[in-house]
file target_13.pdb (PDB, C-alpha atoms)
ATOM      1  CA  MET A   1     -48.164 145.994 219.008
ATOM      2  CA  SER A   2     -47.250 145.043 222.575
ATOM      3  CA  GLU A   3     -48.567 141.953 224.311
ATOM      4  CA  GLU A   4     -50.691 144.023 226.717
ATOM      5  CA  ILE A   5     -52.398 145.857 223.875
ATOM      6  CA  TRP A   6     -53.150 142.587 222.064
ATOM      7  CA  VAL A   7     -54.612 141.104 225.247
ATOM      8  CA  ALA A   8     -56.780 144.194 225.786
ATOM      9  CA  VAL A   9     -57.987 144.300 222.164
ATOM     10  CA  ILE A  10     -58.842 140.600 221.904
ATOM     11  CA  SER A  11     -60.422 140.366 225.361
ATOM     12  CA  GLY A  12     -62.360 143.598 224.685
ATOM     13  CA  LEU A  13     -63.714 142.178 221.449
ATOM     14  CA  LEU A  14     -64.567 138.798 222.900
ATOM     15  CA  GLY A  15     -65.055 139.673 226.590
ATOM     16  CA  GLY A  16     -64.384 137.616 229.686
ATOM     17  CA  SER A  17     -61.357 136.706 231.803
ATOM     18  CA  THR A  18     -61.046 133.274 230.175
ATOM     19  CA  ILE A  19     -60.413 134.992 226.865
ATOM     20  CA  VAL A  20     -57.707 137.121 228.505
ATOM     21  CA  GLU A  21     -55.908 133.998 229.728
ATOM     22  CA  LEU A  22     -56.377 132.239 226.376
ATOM     23  CA  THR A  23     -54.977 135.279 224.543
ATOM     24  CA  LYS A  24     -51.949 135.338 226.853
ATOM     25  CA  LEU A  25     -51.307 131.648 226.161
ATOM     26  CA  ILE A  26     -51.585 132.141 222.400
ATOM     27  CA  LEU A  27     -49.173 135.083 222.478
ATOM     28  CA  GLN A  28     -46.715 133.145 224.656
ATOM     29  CA  ASN A  29     -46.884 130.270 222.189
ATOM     30  CA  ILE A  30     -46.189 132.635 219.273
ATOM     31  CA  LYS A  31     -43.238 134.160 221.159
ATOM     32  CA  GLY A  32     -41.984 130.653 221.979
ATOM     33  CA  LYS A  33     -42.126 129.657 218.325
ATOM     34  CA  LYS A  34     -40.208 132.780 217.348
ATOM     35  CA  ARG A  35     -37.617 131.978 220.008
ATOM     36  CA  TYR A  36     -37.252 128.415 218.669
ATOM     37  CA  THR A  37     -37.023 129.730 215.125
ATOM     38  CA  ALA A  38     -34.253 132.110 216.183
ATOM     39  CA  VAL A  39     -32.327 129.276 217.857
ATOM     40  CA  TYR A  40     -32.686 127.096 214.759
ATOM     41  CA  GLU A  41     -31.500 129.974 212.580
ATOM     42  CA  GLN A  42     -28.485 130.590 214.830
ATOM     43  CA  THR A  43     -27.554 126.911 214.899
ATOM     44  CA  GLN A  44     -27.942 126.624 211.139
ATOM     45  CA  SER A  45     -25.624 129.627 210.648
ATOM     46  CA  ILE A  46     -22.977 128.036 212.870
ATOM     47  CA  TYR A  47     -23.192 124.681 211.067
ATOM     48  CA  ASN A  48     -23.035 126.408 207.675
ATOM     49  CA  ILE A  49     -19.709 128.020 208.611
ATOM     50  CA  LEU A  50     -18.289 124.739 209.912
ATOM     51  CA  GLN A  51     -19.503 122.894 206.815
ATOM     52  CA  LYS A  52     -18.002 125.521 204.525
ATOM     53  CA  GLY A  53     -14.634 124.908 206.187
ATOM     54  CA  VAL A  54     -14.963 121.164 205.592
ATOM     55  CA  ASN A  55     -16.221 121.584 202.010
ATOM     56  CA  THR A  56     -13.825 124.279 200.739
ATOM     57  CA  THR A  57     -10.533 123.384 202.477
ATOM     58  CA  SER A  58      -8.702 120.229 203.555
ATOM     59  CA  THR A  59     -10.423 120.544 206.949
ATOM     60  CA  ASP A  60     -11.589 117.195 208.312
ATOM     61  CA  ARG A  61     -13.222 118.530 211.465
ATOM     62  CA  GLY A  62     -14.768 121.856 212.382
ATOM     63  CA  LEU A  63     -15.690 122.458 216.015
ATOM     64  CA  VAL A  64     -17.237 125.095 218.232
ATOM     65  CA  LEU A  65     -16.221 124.539 221.853
ATOM     66  CA  LYS A  66     -16.994 126.139 225.164
ATOM     67  CA  THR A  67     -14.999 126.171 228.382
ATOM     68  CA  THR A  68     -16.622 126.478 231.780
ATOM     69  CA  ASN A  69     -15.749 125.855 235.387
ATOM     70  CA  GLY A  70     -19.207 124.631 236.292
ATOM     71  CA  GLY A  71     -21.223 127.847 236.011
ATOM     72  CA  GLY A  72     -19.325 130.839 237.343
ATOM     73  CA  PRO A  73     -16.481 132.920 236.034
ATOM     74  CA  PRO A  74     -13.207 130.996 235.620
ATOM     75  CA  LYS A  75     -11.227 130.952 238.867
ATOM     76  CA  ILE A  76      -7.756 129.784 239.748
ATOM     77  CA  ASP A  77      -9.096 127.336 242.347
ATOM     78  CA  SER A  78     -11.685 125.684 240.063
ATOM     79  CA  PRO A  79     -11.079 123.048 237.392
ATOM     80  CA  LEU A  80     -11.726 124.067 233.798
ATOM     81  CA  TYR A  81     -13.801 121.924 231.438
ATOM     82  CA  ILE A  82     -14.369 121.865 227.677
ATOM     83  CA  THR A  83     -17.417 120.749 225.771
ATOM     84  CA  VAL A  84     -17.846 120.383 222.025
ATOM     85  CA  ILE A  85     -21.075 122.262 221.262
ATOM     86  CA  HIS A  86     -21.162 121.989 217.445
ATOM     87  CA  GLU A  87     -19.241 119.757 215.041
ATOM     88  CA  GLN A  88     -18.951 119.057 211.322
ATOM     89  CA  ASN A  89     -16.695 116.286 209.978
ATOM     90  CA  SER A  90     -15.485 114.957 206.679
ATOM     91  CA  PRO A  91     -16.272 111.266 206.067
ATOM     92  CA  ARG A  92     -12.602 110.461 206.810
ATOM     93  CA  ILE A  93     -12.851 110.881 210.584
ATOM     94  CA  GLU A  94     -15.282 110.049 213.377
ATOM     95  CA  SER A  95     -17.235 112.466 215.531
ATOM     96  CA  THR A  96     -15.635 113.640 218.743
ATOM     97  CA  GLN A  97     -18.663 115.431 220.199
ATOM     98  CA  GLN A  98     -19.749 112.637 222.552
ATOM     99  CA  ARG A  99     -16.218 112.100 223.911
ATOM    100  CA  TYR A 100     -15.568 115.750 224.717
ATOM    101  CA  ASN A 101     -18.516 116.763 226.854
ATOM    102  CA  GLY A 102     -17.426 118.314 230.138
ATOM    103  CA  VAL A 103     -13.847 117.031 229.945
ATOM    104  CA  GLN A 104     -11.393 118.557 232.414
ATOM    105  CA  VAL A 105      -8.485 120.190 230.600
ATOM    106  CA  ASP A 106      -4.796 119.654 231.328
ATOM    107  CA  ARG A 107      -1.812 122.007 231.410
ATOM    108  CA  GLU A 108      -1.238 121.843 227.638
ATOM    109  CA  TYR A 109      -4.840 122.838 227.026
ATOM    110  CA  ILE A 110      -4.571 125.746 229.480
ATOM    111  CA  ASP A 111      -1.397 126.871 227.661
ATOM    112  CA  MET A 112      -3.268 126.730 224.334
ATOM    113  CA  LEU A 113      -6.189 128.752 225.731
ATOM    114  CA  PHE A 114      -3.790 131.332 227.174
ATOM    115  CA  LYS A 115      -2.052 131.669 223.792
ATOM    116  CA  LEU A 116      -5.471 131.999 222.158
ATOM    117  CA  SER A 117      -6.500 134.781 224.550
ATOM    118  CA  ARG A 118      -3.371 136.728 223.515
ATOM    119  CA  GLU A 119      -3.375 136.021 219.770
ATOM    120  CA  ASN A 120      -7.106 135.479 218.942
ATOM    121  CA  MET A 121      -6.251 132.844 216.319
ATOM    122  CA  PHE A 122      -3.326 130.647 215.330
ATOM    123  CA  PHE A 123      -2.293 127.599 213.318
ATOM    124  CA  GLY A 124      -0.342 124.709 214.795
ATOM    125  CA  LYS A 125       1.109 121.294 214.056
ATOM    126  CA  VAL A 126       0.208 118.309 216.218
ATOM    127  CA  GLU A 127       3.826 117.112 216.209
ATOM    128  CA  ASP A 128       4.800 120.291 218.101
ATOM    129  CA  LEU A 129       2.455 119.545 221.032
ATOM    130  CA  ARG A 130       3.787 117.830 224.156
ATOM    131  CA  GLU A 131       3.445 114.028 224.239
ATOM    132  CA  ASN A 132       0.554 112.353 226.110
ATOM    133  CA  THR A 133      -1.539 115.485 226.575
ATOM    134  CA  LEU A 134      -5.285 115.813 226.067
ATOM    135  CA  LEU A 135      -4.906 117.912 222.926
ATOM    136  CA  ARG A 136      -2.244 115.778 221.251
ATOM    137  CA  VAL A 137      -3.943 112.467 222.083
ATOM    138  CA  ALA A 138      -7.272 113.779 220.741
ATOM    139  CA  TYR A 139      -5.684 114.947 217.493
ATOM    140  CA  GLU A 140      -3.516 111.858 216.969
ATOM    141  CA  SER A 141      -6.430 109.478 217.574
ATOM    142  CA  ALA A 142      -8.172 111.066 214.565
ATOM    143  CA  GLY A 143      -5.023 111.283 212.438
ATOM    144  CA  ILE A 144      -4.996 115.100 212.614
ATOM    145  CA  LYS A 145      -1.724 116.733 211.545
ATOM    146  CA  GLU A 146      -2.525 120.453 211.570
ATOM    147  CA  TYR A 147      -5.067 122.678 213.287
ATOM    148  CA  PHE A 148      -6.390 126.228 213.365
ATOM    149  CA  ILE A 149      -7.770 127.564 216.661
ATOM    150  CA  TYR A 150      -9.687 130.844 216.927
ATOM    151  CA  LEU A 151     -11.367 132.804 219.687
ATOM    152  CA  ILE A 152     -15.089 133.365 219.179
ATOM    153  CA  LYS A 153     -16.282 135.076 222.337
ATOM    154  CA  GLU A 154     -15.475 135.585 225.989
ATOM    155  CA  SER A 155     -18.165 136.106 228.610
ATOM    156  CA  SER A 156     -18.130 136.189 232.393
ATOM    157  CA  LYS A 157     -19.139 132.521 232.556
ATOM    158  CA  SER A 158     -17.617 130.903 229.482
ATOM    159  CA  TYR A 159     -15.018 131.080 226.769
ATOM    160  CA  TRP A 160     -16.128 130.129 223.247
ATOM    161  CA  PHE A 161     -13.579 129.082 220.641
ATOM    162  CA  GLY A 162     -13.474 127.220 217.356
ATOM    163  CA  SER A 163     -11.199 124.781 215.652
ATOM    164  CA  PHE A 164     -10.631 123.557 212.120
ATOM    165  CA  SER A 165      -8.306 120.559 211.900
ATOM    166  CA  SER A 166      -6.944 118.436 209.083
ATOM    167  CA  THR A 167      -5.218 115.144 208.400
ATOM    168  CA  GLN A 168      -3.169 117.124 205.855
ATOM    169  CA  SER A 169      -1.339 120.451 205.864
ATOM    170  CA  PHE A 170      -3.331 123.611 205.126
ATOM    171  CA  THR A 171      -2.281 125.608 202.062
ATOM    172  CA  ASP A 172      -1.763 129.365 202.329
ATOM    173  CA  GLU A 173      -5.038 129.907 200.457
ATOM    174  CA  GLU A 174      -6.884 127.577 202.847
ATOM    175  CA  LYS A 175      -5.431 129.453 205.823
ATOM    176  CA  LEU A 176      -6.919 132.689 204.472
ATOM    177  CA  THR A 177     -10.288 130.967 203.969
ATOM    178  CA  LEU A 178     -10.259 129.618 207.535
ATOM    179  CA  LYS A 179      -9.380 133.027 208.971
ATOM    180  CA  ALA A 180     -12.328 134.520 207.071
ATOM    181  CA  LEU A 181     -14.619 131.780 208.422
ATOM    182  CA  ALA A 182     -13.409 132.519 211.968
ATOM    183  CA  ILE A 183     -14.381 136.164 211.482
ATOM    184  CA  ASP A 184     -17.785 135.044 210.156
ATOM    185  CA  MET A 185     -18.297 132.863 213.243
ATOM    186  CA  ARG A 186     -17.517 135.786 215.553
ATOM    187  CA  ARG A 187     -19.990 137.896 213.611
ATOM    188  CA  ILE A 188     -22.710 135.244 214.057
ATOM    189  CA  PHE A 189     -22.113 135.145 217.812
ATOM    190  CA  ARG A 190     -22.294 138.961 218.006
ATOM    191  CA  LEU A 191     -25.313 139.211 215.724
ATOM    192  CA  TYR A 192     -27.317 136.691 217.721
ATOM    193  CA  LYS A 193     -25.865 137.751 221.102
ATOM    194  CA  ILE A 194     -24.933 134.164 221.921
ATOM    195  CA  GLN A 195     -23.755 133.927 225.530
TER     196      GLN A 195
END

call {"tool": "encode", "arguments": {"input": "target_13.pdb", "output": "structure tokens"}}
result
Amino acid sequence: MSEEIWVAVISGLLGGSTIVELTKLILQNIKGKKRYTAVYEQTQSIYNILQKGVNTTSTDRGLVLKTTNGGGPPKIDSPLYITVIHEQNSPRIESTQQRYNGVQVDREYIDMLFKLSRENMFFGKVEDLRENTLLRVAYESAGIKEYFIYLIKESSKSYWFGSFSSTQSFTDEEKLTLKALAIDMRRIFRLYKIQ
């Protein structure tokens, strides 16, 4: 039943404009709770995928990241920033979420994002990255040796991507598992229409 019908029914039964306003508030509260429940469900689904990567492979860190340029569509004359939105770690490494909140990216990072936009997902070795770049320094500070980057979603205002990284090398079987988890993450973003 629509909100207007509920308001009419309840106010008709009880009478008075105060009841109409009270009914509207109750229905807004119910809608708000459903909205919060949906957000919790979405977040739990994302964390479950990241945790599965950490639990079932040699992954030490699973991330969901977002790039922005401060609110609008990415433009050539605006700096690009990354923020870690969700993270799951093994006990072997520390969290990076606080350090990477609105960090301006460098050329190496732009190159990685461009490669990601063409390939949708890829594996890489930290030793192959250029020295003294944001990406390499971040990985080396945690002892990361290998990583898997995957595109989650592009929108007009942001670019969502994920990462699974390890202090060891991924096996072929683990690579298949991580690719499947990347597909699951994309499905979650589509299912919940995450922007």

call {"tool": "closest_residue", "arguments": {"input": "target_13.pdb", "among": "A:Tyr40, A:Tyr139, A:Tyr47, A:Tyr192", "to": "Ile93 in chain A", "atoms": "only C-alpha atoms"}}
result
A:Tyr139

call {"tool": "atom_distance", "arguments": {"input": "target_13.pdb", "atom1": "CA of Glu154 in chain A", "atom2": "CA of Arg187 in chain A"}}
result
13.4 Å

call {"tool": "closest_residue", "arguments": {"input": "target_13.pdb", "among": "A:Val126, A:Ile149, A:Leu135, A:Ile144", "to": "Leu63 in chain A", "atoms": "all atoms listed in the file"}}
result
A:Ile149

call {"tool": "resolve_selection", "arguments": {"input": "target_13.pdb", "expression": "the PyMOL selection byres ((chain A and resi 136) around 12)", "output": "PyMOL selection string"}}
result
chain A and resi 106-109+112+124-135+137-147

call {"tool": "atom_distance", "arguments": {"input": "target_13.pdb", "atom1": "CA of Trp160 in chain A", "atom2": "CA of Leu65 in chain A"}}
result
5.8 Å

call {"tool": "atom_distance", "arguments": {"input": "target_13.pdb", "atom1": "CA of Gly62 in chain A", "atom2": "CA of Asn89 in chain A"}}
result
6.4 Å

call {"tool": "closest_residue", "arguments": {"input": "target_13.pdb", "among": "A:Ser156, A:Ser78, A:Asn101, A:Glu41", "to": "Leu191 in chain A", "atoms": "all atoms listed in the file"}}
result
A:Glu41

call {"tool": "resolve_selection", "arguments": {"input": "target_13.pdb", "expression": "the PyMOL selection byres ((chain A and resi 185) around 9)", "output": "ChimeraX atom specification"}}
result
/A:45-46,49-50,152,162,180-184,186-190

call {"tool": "resolve_selection", "arguments": {"input": "target_13.pdb", "expression": "the PyMOL selection byres ((chain A and resi 59) around 7)", "output": "list in words"}}
result
Gly53, Val54, Thr57, Ser58, Asp60, Arg61, Phe164, Ser165 and Ser166 of chain A

call {"tool": "write_last_selection", "arguments": {"input": "target_13.pdb", "atoms": "C-alpha atoms", "output": "PDB file, in the frame of the given file"}}
result
ATOM      1  CA  GLY A  53     -14.634 124.908 206.187  1.00  0.00           C
ATOM      2  CA  VAL A  54     -14.963 121.164 205.592  1.00  0.00           C
ATOM      3  CA  THR A  57     -10.533 123.384 202.477  1.00  0.00           C
ATOM      4  CA  SER A  58      -8.702 120.229 203.555  1.00  0.00           C
ATOM      5  CA  ASP A  60     -11.589 117.195 208.312  1.00  0.00           C
ATOM      6  CA  ARG A  61     -13.222 118.530 211.465  1.00  0.00           C
ATOM      7  CA  PHE A 164     -10.631 123.557 212.120  1.00  0.00           C
ATOM      8  CA  SER A 165      -8.306 120.559 211.900  1.00  0.00           C
ATOM      9  CA  SER A 166      -6.944 118.436 209.083  1.00  0.00           C
TER      10      SER A 166
END

call {"tool": "closest_residue", "arguments": {"input": "target_13.pdb", "among": "A:Glu87, A:Ala38, A:Arg92, A:Ile194", "to": "Gln168 in chain A", "atoms": "only C-alpha atoms"}}
result
A:Arg92

call {"tool": "closest_residue", "arguments": {"input": "target_13.pdb", "among": "A:Gln98, A:Thr67, A:Thr56, A:Thr37", "to": "Lys175 in chain A", "atoms": "all atoms listed in the file"}}
result
A:Thr56

call {"tool": "closest_residue", "arguments": {"input": "target_13.pdb", "among": "A:Val105, A:Val39, A:Ser90, A:Phe123", "to": "Ser169 in chain A", "atoms": "all atoms listed in the file"}}
result
A:Phe123

call {"tool": "decode", "arguments": {"input": "target_13.pdb", "residues": "range 20-164 of chain A", "atoms": "C-alpha atoms", "output": "short mmCIF file (atom, residue, chain, number, x, y, z; two decimals), in the first residue's frame"}}
result
data_model
loop_
_atom_site.label_atom_id
_atom_site.label_comp_id
_atom_site.auth_asym_id
_atom_site.auth_seq_id
_atom_site.Cartn_x
_atom_site.Cartn_y
_atom_site.Cartn_z
CA VAL A 20 -2.05 12.66 9.78
CA GLU A 21 1.30 14.21 10.74
CA LEU A 22 2.02 11.44 13.26
CA THR A 23 1.24 8.79 10.64
CA LYS A 24 3.59 10.49 8.16
CA LEU A 25 6.37 10.51 10.76
CA ILE A 26 5.85 6.83 11.58
CA LEU A 27 5.93 5.87 7.90
CA GLN A 28 9.06 7.97 7.31
CA ASN A 29 10.71 6.25 10.26
CA ILE A 30 9.80 2.81 8.86
CA LYS A 31 11.18 3.80 5.44
CA GLY A 32 14.33 5.14 7.12
CA LYS A 33 14.83 1.86 8.96
CA LYS A 34 14.42 -0.07 5.73
CA ARG A 35 16.95 2.22 4.07
CA TYR A 36 19.43 1.64 6.91
CA THR A 37 18.81 -2.09 6.75
CA ALA A 38 19.52 -2.05 3.02
CA VAL A 39 22.78 -0.15 3.56
CA TYR A 40 23.85 -2.60 6.27
CA GLU A 41 23.01 -5.52 3.99
CA GLN A 42 25.00 -3.99 1.11
CA THR A 43 28.00 -3.29 3.32
CA GLN A 44 27.88 -6.78 4.80
CA SER A 45 27.85 -8.29 1.29
CA ILE A 46 30.91 -6.25 0.31
CA TYR A 47 32.81 -7.22 3.47
CA ASN A 48 31.87 -10.89 3.00
CA ILE A 49 33.50 -10.89 -0.45
CA LEU A 50 36.64 -9.17 0.83
CA GLN A 51 36.82 -11.55 3.80
CA LYS A 52 36.39 -14.57 1.55
CA GLY A 53 39.41 -13.41 -0.45
CA VAL A 54 41.46 -13.11 2.74
CA ASN A 55 40.22 -16.44 4.16
CA THR A 56 40.44 -18.64 1.04
CA THR A 57 43.59 -17.33 -0.71
CA SER A 58 46.97 -15.92 0.29
CA THR A 59 45.42 -12.44 0.15
CA ASP A 60 46.57 -10.20 3.00
CA ARG A 61 44.45 -7.19 2.09
CA GLY A 62 41.18 -6.76 0.24
CA LEU A 63 40.08 -3.25 -0.66
CA VAL A 64 37.23 -1.42 -2.34
CA LEU A 65 38.37 2.01 -3.52
CA LYS A 66 36.77 4.98 -5.18
CA THR A 67 38.32 7.73 -7.27
CA THR A 68 36.85 11.20 -7.47
CA ASN A 69 37.91 14.66 -8.50
CA GLY A 70 35.95 16.38 -5.77
CA GLY A 71 32.38 15.75 -6.93
CA GLY A 72 32.02 16.06 -10.68
CA PRO A 73 32.98 13.88 -13.59
CA PRO A 74 36.74 13.34 -13.96
CA LYS A 75 38.32 16.14 -15.99
CA ILE A 76 41.77 16.66 -17.41
CA ASP A 77 42.23 19.92 -15.48
CA SER A 78 41.21 18.51 -12.06
CA PRO A 79 43.32 16.41 -9.70
CA LEU A 80 42.18 12.84 -9.10
CA TYR A 81 41.88 11.38 -5.60
CA ILE A 82 41.47 7.88 -4.19
CA THR A 83 39.76 6.80 -1.01
CA VAL A 84 39.66 3.35 0.55
CA ILE A 85 35.96 2.75 1.25
CA HIS A 86 36.06 -0.85 2.55
CA GLU A 87 38.96 -3.00 3.76
CA GLN A 88 39.62 -6.48 5.14
CA ASN A 89 43.11 -7.55 6.26
CA SER A 90 44.88 -10.64 7.45
CA PRO A 91 46.54 -10.29 10.88
CA ARG A 92 49.93 -10.02 9.11
CA ILE A 93 49.47 -6.44 7.90
CA GLU A 94 48.06 -3.17 9.21
CA SER A 95 45.03 -1.29 7.95
CA THR A 96 45.56 1.28 5.23
CA GLN A 97 42.07 2.80 5.28
CA GLN A 98 42.94 5.85 7.39
CA ARG A 99 46.05 6.68 5.33
CA TYR A 100 44.31 6.55 1.96
CA ASN A 101 41.36 8.89 2.36
CA GLY A 102 41.25 11.52 -0.36
CA VAL A 103 44.86 11.02 -1.46
CA GLN A 104 45.85 12.65 -4.75
CA VAL A 105 47.13 10.06 -7.22
CA ASP A 106 50.36 10.26 -9.20
CA ARG A 107 51.26 9.33 -12.78
CA GLU A 108 51.82 5.64 -11.96
CA TYR A 109 48.37 5.44 -10.40
CA ILE A 110 46.78 7.12 -13.44
CA ASP A 111 48.59 4.60 -15.67
CA MET A 112 47.21 1.74 -13.55
CA LEU A 113 43.66 3.14 -13.72
CA PHE A 114 43.95 3.57 -17.49
CA LYS A 115 45.12 -0.05 -17.86
CA LEU A 116 42.23 -1.12 -15.63
CA SER A 117 39.70 0.75 -17.78
CA ARG A 118 40.96 -1.19 -20.82
CA GLU A 119 41.40 -4.64 -19.26
CA ASN A 120 38.80 -4.69 -16.41
CA MET A 121 41.10 -6.79 -14.20
CA PHE A 122 44.76 -7.75 -14.01
CA PHE A 123 47.45 -9.20 -11.76
CA GLY A 124 50.77 -7.49 -11.14
CA LYS A 125 54.02 -7.70 -9.22
CA VAL A 126 55.15 -4.83 -7.02
CA GLU A 127 58.74 -5.18 -8.26
CA ASP A 128 57.54 -4.22 -11.76
CA LEU A 129 56.15 -0.84 -10.60
CA ARG A 130 58.25 2.31 -10.95
CA GLU A 131 60.33 3.27 -7.90
CA ASN A 132 59.09 5.92 -5.42
CA THR A 133 55.51 6.04 -6.68
CA LEU A 134 52.36 6.11 -4.56
CA LEU A 135 51.36 2.57 -5.52
CA ARG A 136 54.78 0.97 -5.02
CA VAL A 137 55.48 2.78 -1.74
CA ALA A 138 52.06 1.76 -0.39
CA TYR A 139 52.59 -1.88 -1.32
CA GLU A 140 56.20 -2.08 -0.13
CA SER A 141 55.38 -0.49 3.24
CA ALA A 142 53.03 -3.44 3.89
CA GLY A 143 55.38 -6.06 2.44
CA ILE A 144 53.04 -6.72 -0.51
CA LYS A 145 54.61 -8.65 -3.40
CA GLU A 146 51.68 -9.30 -5.74
CA TYR A 147 48.31 -7.70 -6.39
CA PHE A 148 45.07 -8.17 -8.31
CA ILE A 149 43.16 -5.06 -9.40
CA TYR A 150 39.63 -5.19 -10.82
CA LEU A 151 37.09 -2.68 -12.06
CA ILE A 152 33.82 -2.66 -10.13
CA LYS A 153 31.82 0.20 -11.58
CA GLU A 154 32.14 3.47 -13.45
CA SER A 155 29.69 6.33 -12.96
CA SER A 156 29.67 9.95 -14.08
CA LYS A 157 31.14 11.07 -10.75
CA SER A 158 33.34 8.20 -9.59
CA TYR A 159 35.27 5.12 -10.53
CA TRP A 160 34.99 2.12 -8.18
CA PHE A 161 37.65 -0.58 -8.19
CA GLY A 162 38.88 -3.36 -5.94
CA SER A 163 42.18 -4.85 -4.98
CA PHE A 164 43.39 -8.08 -3.43
#
